[in-house]
Amino acid sequence: MPTILEDIAQAVLEGKRSETLEFVKSGLDSGIEPLELITEGLTVGLDQVGQKFEEGEYYLPDMMLAAEAMSGAIDFLEPHMAKDKDGKNENVIKCVIGTVKGDLHSIGKDIVIMMMKAAGMEIYDLGVDVPSAEFVRSVEENGAHVLGISALMTTTIQEQKKIIDMLSEKGLRDKVKVIVGGAPLSEEWAKKIGADAYAADAIAGVKKVRAMLDL
Ligand code: B12
């Protein structure tokens with residue numbers, strides 16, 4: 001018998017929105033933590049979708065259905081995330097976050113946002129396909145402590161460098177910590193473009209933000 005996490009992954013793989021939600025609800029009812037449902041269930045399914053797309057077995061509509069199934073479940077889970085009561089200063093941490101220009105991938109960014117909110121941080125979500133100047137404007141306007149930049153494609157990651165360069169041009173680079181994320185990235189890439197940190201997933205992202213701000 002497949003476990004509930006396997007059922008969730010399979011429902012995402014098949015792009016079944018209501019089934020995904022039902023499995024997630026029963027997982028939650030049976031005591032599985034929201035984060036585990038995301039990392040061990042939903043994300044596993046979406047990774048398989050990516051693989052099938054790469055191999056030519058899945059097409060764009062399949063990927064879209066799977067993404068919708070995952071997003072629906074994430075929206076449902078957000079209010080169930082436990083708020084972190086340990087931190088003292090986190091609620092004053094302001095973080096601007098978005099996905100770069102030309103890139104419509106939102107799911108990873110939204111999970112990072114969910115974790116940051118759960119850690120008590122204040123989030124300014126710019127959405128997807130965000131022009132570089134918009135990131136810079138928001139950092140300045142909101143006095144952000146942290147800028148999170150997501151990019152999911154090898155064709156769009158260069159935008160992260162543009163944003164960091166633009167921060168320098170505007171004299172804002174030393175006022176904000178920049179963390180980058182997205183599947184094609186690496187520590188080396190982050191260093192190369194002058195970011196302060198790279199995180200491979202949302203949990204590592206929150207840890208690195210805290211570490212950078214000495215929390
Ligand atoms: C779902 C999906 C889509 C959905 C996106 C829906 C949405 N609302 O997001 C749709 C169908 C729209 C889509 C479209 C396309 N996609 Co697409 N997509 C994917 C897929 C299957 C999953 C991405 C995802 O959500 N993963 C799950 C999340 C949880 O993981 P994640 O995004 O990596 O995020 C985690 C970490 O990376 C990190 N993180 C991410 N961002 C940030 C930011 C910060 C600050 C931090 C700290 C951490 C962090 O934390 C996250 C949570 O742990 C990937 C394959 C894959 N396995 O990555 C392809 C993939 C990214 N897509 C790809 C492609 C080619 C496309 C299209 C060009 C397809 C087409 N022919 O049109 C279009 C491009 C559209 C555009 N202009 O952006 C390629 C990219 C190849 C490349 N060049 O690099 C991939 C890799 C598929 C493949 N194997 O070929 N896609």
# chains A, B, ... in the order shown; residues from 1 in each chain; ligands from 1
call {"tool": "residues_near_ligand", "arguments": {"ligand": "ligand 1", "cutoff": "6 Å", "atoms": "only C-alpha atoms and all ligand atoms", "output": "MDAnalysis selection string"}}
result
chainID A and resid 43 46:47 49:51 53:54 60 63:64 67 102:109 111:112 148:150 152:155 179:183 199:202 205
call {"tool": "select_by_dssp", "arguments": {"residues": "chain A", "states": "strand (DSSP E)", "output": "tab-separated table (two decimals) with C-alpha atoms, in the first residue's frame"}}
result
chain	number	residue	atom	x	y	z
A	94	LYS	CA	11.77	42.91	6.27
A	95	CYS	CA	12.32	40.79	3.23
A	96	VAL	CA	11.61	41.69	-0.38
A	97	ILE	CA	11.33	38.62	-2.61
A	98	GLY	CA	10.40	37.87	-6.19
A	99	THR	CA	11.15	35.83	-9.31
A	122	GLU	CA	7.68	40.65	7.13
A	123	ILE	CA	7.42	39.84	3.44
A	124	TYR	CA	7.06	42.05	0.38
A	125	ASP	CA	6.21	39.60	-2.40
A	146	VAL	CA	16.94	41.10	3.00
A	147	LEU	CA	16.39	40.67	-0.72
A	148	GLY	CA	15.50	37.18	-1.96
A	149	ILE	CA	15.80	36.54	-5.68
A	150	SER	CA	14.43	33.40	-7.28
A	177	LYS	CA	21.66	41.20	2.38
A	178	VAL	CA	21.01	39.37	-0.87
A	179	ILE	CA	20.08	35.69	-0.92
A	180	VAL	CA	19.53	33.83	-4.19
A	181	GLY	CA	17.76	30.56	-4.87
A	197	ALA	CA	24.11	33.75	0.28
A	198	TYR	CA	22.62	30.87	-1.66
call {"tool": "residues_around", "arguments": {"residues": "A:Glu22", "least_positions_apart": "6", "cutoff": "10 Å", "atoms": "only C-alpha atoms", "output": "list of chain:residue names"}}
result
A:Ile8, A:Ala11, A:Leu28, A:Ala73
call {"tool": "write_last_selection", "arguments": {"atoms": "N, CA and C atoms", "output": "mmCIF file, in the first residue's frame"}}
result
data_model
loop_
_atom_site.group_PDB
_atom_site.id
_atom_site.type_symbol
_atom_site.label_atom_id
_atom_site.label_comp_id
_atom_site.auth_asym_id
_atom_site.auth_seq_id
_atom_site.Cartn_x
_atom_site.Cartn_y
_atom_site.Cartn_z
ATOM 1 N N ILE A 8 0.284 11.537 -2.365
ATOM 2 C CA ILE A 8 0.334 12.975 -2.688
ATOM 3 C C ILE A 8 1.228 13.203 -3.911
ATOM 4 N N ALA A 11 -0.508 12.050 -7.021
ATOM 5 C CA ALA A 11 -1.612 12.935 -7.439
ATOM 6 C C ALA A 11 -1.063 14.187 -8.126
ATOM 7 N N LEU A 28 -2.583 15.705 6.857
ATOM 8 C CA LEU A 28 -2.591 16.660 7.973
ATOM 9 C C LEU A 28 -3.402 16.096 9.143
ATOM 10 N N ALA A 73 -2.573 23.039 -2.982
ATOM 11 C CA ALA A 73 -2.262 22.402 -1.705
ATOM 12 C C ALA A 73 -1.434 23.337 -0.814
#
call {"tool": "residues_around", "arguments": {"residues": "A:Gly72", "least_positions_apart": "6", "cutoff": "10 Å", "atoms": "only C-alpha atoms", "output": "list of chain:residue names"}}
result
A:Arg17, A:Ser18, A:Thr20, A:Leu21
call {"tool": "write_last_selection", "arguments": {"atoms": "C-alpha atoms", "output": "PDB file, in the first residue's frame"}}
result
ATOM      1  CA  ARG A  17      -5.858  19.074  -8.074  1.00  0.00           C
ATOM      2  CA  SER A  18      -8.753  17.904  -5.904  1.00  0.00           C
ATOM      3  CA  THR A  20      -3.924  16.204  -4.195  1.00  0.00           C
ATOM      4  CA  LEU A  21      -5.839  18.417  -1.799  1.00  0.00           C
TER       5      LEU A  21
END
call {"tool": "select_by_dssp", "arguments": {"residues": "stretch 24-161 of chain A", "states": "alpha helix (DSSP H)", "output": "MDAnalysis selection string"}}
result
chainID A and resid 24:29 34:36 43:54 60:77 107:118 132:142 158:161
call {"tool": "atom_distance", "arguments": {"atom1": "atom CA of A:Gly31", "atom2": "atom CA of A:Leu77"}}
result
13.1 Å
call {"tool": "closest_residue", "arguments": {"among": "A:Asp174, A:Asp62, A:Glu36, A:Glu57", "to": "A:Ile74", "atoms": "only C-alpha atoms"}}
result
A:Glu36
call {"tool": "closest_residue", "arguments": {"among": "A:Ser138, A:Ser168, A:Thr3, A:Thr39", "to": "A:Phe23", "atoms": "only C-alpha atoms"}}
result
A:Thr3
